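Accompanying notes for the structure given below.
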Amino acid sequence: MEKGPVAANPDAWVAGLDGWRRDRVEALRAAIRTVDGLTEVIKWGHLVYLTNGPALLIRAEGQRVLLGFWRGQRLGGIEPRLKPGGQYEMATLSLASGEAVDPETVTALTRAAVALNAELGDPTKALKKEKTR
């Protein structure tokens, strides 16, 4: 798995990007940050947004930017381009150069992810509980 720039904080992480990837990340980040209740951190080499556990992430790779959601498989009605994969009902939207997503859609996805974590709890702990049953 490719990681984004090494940085001490989210602003430095974004500053370590260039070109279209930086533009795309800045647009995604601006839309996400309109939603209250999220803490933005660098985790696993990506921007991760926490609220009662991880809710979403932005990952910058060489040829794409990923917008990923824990429990994102439940959000396909908001954005049908979300591709399921991984644990925790993850789903990601892959954006290549020239591709974008409407800021209102990003905001709607973010609000829905926050609501799911508020209702269901930390997705990483929920999976652990299911495995122990």
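Within each chain, counting starts at residue 1; across the structure tokens, chains are named A, B, ... in the order shown, with ligands numbered 1 upward in that order.
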**Study point:** Per-residue DSSP, chain A, filtered to strand (DSSP E), as a PyMOL selection string
**Key:** chain A and resi 39-43+46-50+54-60+65-69+83-84+91-95
Practice item. Please return as a PyMOL selection string: the residues of range 64-119 of chain A that backbone DSSP assigns to helix (DSSP H, G or I). Key: chain A and resi 72-74+103-119
Output of the above residues as an mmCIF file, in the first residue's frame, restricted to N, CA and C atoms:
data_model
loop_
_atom_site.group_PDB
_atom_site.id
_atom_site.type_symbol
_atom_site.label_atom_id
_atom_site.label_comp_id
_atom_site.auth_asym_id
_atom_site.auth_seq_id
_atom_site.Cartn_x
_atom_site.Cartn_y
_atom_site.Cartn_z
ATOM 1 N N GLY A 72 -18.402 2.427 4.208
ATOM 2 C CA GLY A 72 -18.729 3.066 2.941
ATOM 3 C C GLY A 72 -19.623 2.237 2.041
ATOM 4 N N GLN A 73 -19.670 0.928 2.278
ATOM 5 C CA GLN A 73 -20.552 0.094 1.473
ATOM 6 C C GLN A 73 -22.020 0.436 1.708
ATOM 7 N N ARG A 74 -22.288 1.145 2.774
ATOM 8 C CA ARG A 74 -23.656 1.601 3.060
ATOM 9 C C ARG A 74 -23.969 2.938 2.397
ATOM 10 N N PRO A 103 -18.417 18.819 -4.369
ATOM 11 C CA PRO A 103 -18.238 19.076 -2.938
ATOM 12 C C PRO A 103 -19.476 18.757 -2.100
ATOM 13 N N GLU A 104 -20.663 18.982 -2.648
ATOM 14 C CA GLU A 104 -21.881 18.657 -1.908
ATOM 15 C C GLU A 104 -22.009 17.156 -1.672
ATOM 16 N N THR A 105 -21.544 16.360 -2.632
ATOM 17 C CA THR A 105 -21.558 14.909 -2.474
ATOM 18 C C THR A 105 -20.573 14.493 -1.384
ATOM 19 N N VAL A 106 -19.388 15.103 -1.369
ATOM 20 C CA VAL A 106 -18.402 14.800 -0.334
ATOM 21 C C VAL A 106 -18.968 15.150 1.042
ATOM 22 N N THR A 107 -19.618 16.288 1.138
ATOM 23 C CA THR A 107 -20.223 16.698 2.406
ATOM 24 C C THR A 107 -21.314 15.721 2.829
ATOM 25 N N ALA A 108 -22.154 15.302 1.887
ATOM 26 C CA ALA A 108 -23.227 14.346 2.203
ATOM 27 C C ALA A 108 -22.639 13.008 2.654
ATOM 28 N N LEU A 109 -21.610 12.525 1.975
ATOM 29 C CA LEU A 109 -20.953 11.288 2.373
ATOM 30 C C LEU A 109 -20.360 11.408 3.775
ATOM 31 N N THR A 110 -19.718 12.531 4.035
ATOM 32 C CA THR A 110 -19.091 12.754 5.337
ATOM 33 C C THR A 110 -20.139 12.795 6.446
ATOM 34 N N ARG A 111 -21.222 13.507 6.213
ATOM 35 C CA ARG A 111 -22.301 13.556 7.221
ATOM 36 C C ARG A 111 -22.861 12.158 7.487
ATOM 37 N N ALA A 112 -23.030 11.386 6.435
ATOM 38 C CA ALA A 112 -23.561 10.032 6.596
ATOM 39 C C ALA A 112 -22.575 9.152 7.370
ATOM 40 N N ALA A 113 -21.279 9.297 7.104
ATOM 41 C CA ALA A 113 -20.269 8.519 7.825
ATOM 42 C C ALA A 113 -20.246 8.894 9.306
ATOM 43 N N VAL A 114 -20.362 10.174 9.593
ATOM 44 C CA VAL A 114 -20.418 10.638 10.981
ATOM 45 C C VAL A 114 -21.654 10.062 11.674
ATOM 46 N N ALA A 115 -22.785 10.095 10.990
ATOM 47 C CA ALA A 115 -24.034 9.576 11.564
ATOM 48 C C ALA A 115 -23.934 8.071 11.832
ATOM 49 N N LEU A 116 -23.324 7.319 10.918
ATOM 50 C CA LEU A 116 -23.167 5.876 11.127
ATOM 51 C C LEU A 116 -22.304 5.586 12.353
ATOM 52 N N ASN A 117 -21.210 6.331 12.519
ATOM 53 C CA ASN A 117 -20.368 6.108 13.692
ATOM 54 C C ASN A 117 -21.085 6.522 14.972
ATOM 55 N N ALA A 118 -21.917 7.554 14.908
ATOM 56 C CA ALA A 118 -22.683 7.963 16.083
ATOM 57 C C ALA A 118 -23.692 6.879 16.454
ATOM 58 N N GLU A 119 -24.321 6.298 15.449
ATOM 59 C CA GLU A 119 -25.349 5.284 15.686
ATOM 60 C C GLU A 119 -24.765 3.919 16.064
#
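Every protein, DNA or RNA residue with an atom at most 7 Å from range 20-29 of chain A, where only C-alpha atoms count and chain neighbours fewer than 2 positions away do not, is listed here: Val14, Leu17, Asp18, Ala31, Ile32, Arg33, Ala60, Val65, Ser97 and Val106 of chain A.
The coordinates place CA of Leu75 in chain A at 8.4 Å from CA of Ala91 in chain A.
Of the residues listed (A:Leu50, A:Leu66, A:Ala96, A:Ala30), A:Leu66 shows the shortest atom-to-atom separation from Lys83 in chain A; distances use only C-alpha atoms.
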Practice item. Pick out the residues sitting within 7 Å of Phe69 in chain A, and hand them over as a PyMOL selection string; count only C-alpha atoms, and ignore anything fewer than 6 positions along from it in its own chain. Key: chain A and resi 55-57+90-92
Check your understanding: What is the CA of Thr51 in chain A-CA of Ala7 in chain A distance in Å, reported with one decimal?
Key ->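 Distance between the two atoms: 21.7 Å.
The list of residues with at least one atom within 8 Å of Pro54 in chain A, based on only C-alpha atoms and without residues fewer than 2 positions apart in the same chain, reads A:Val48, A:Tyr49, A:Leu50, A:Thr51, A:Asn52, A:Leu56, A:Trp70, A:Asp122, A:Pro123, A:Thr124.
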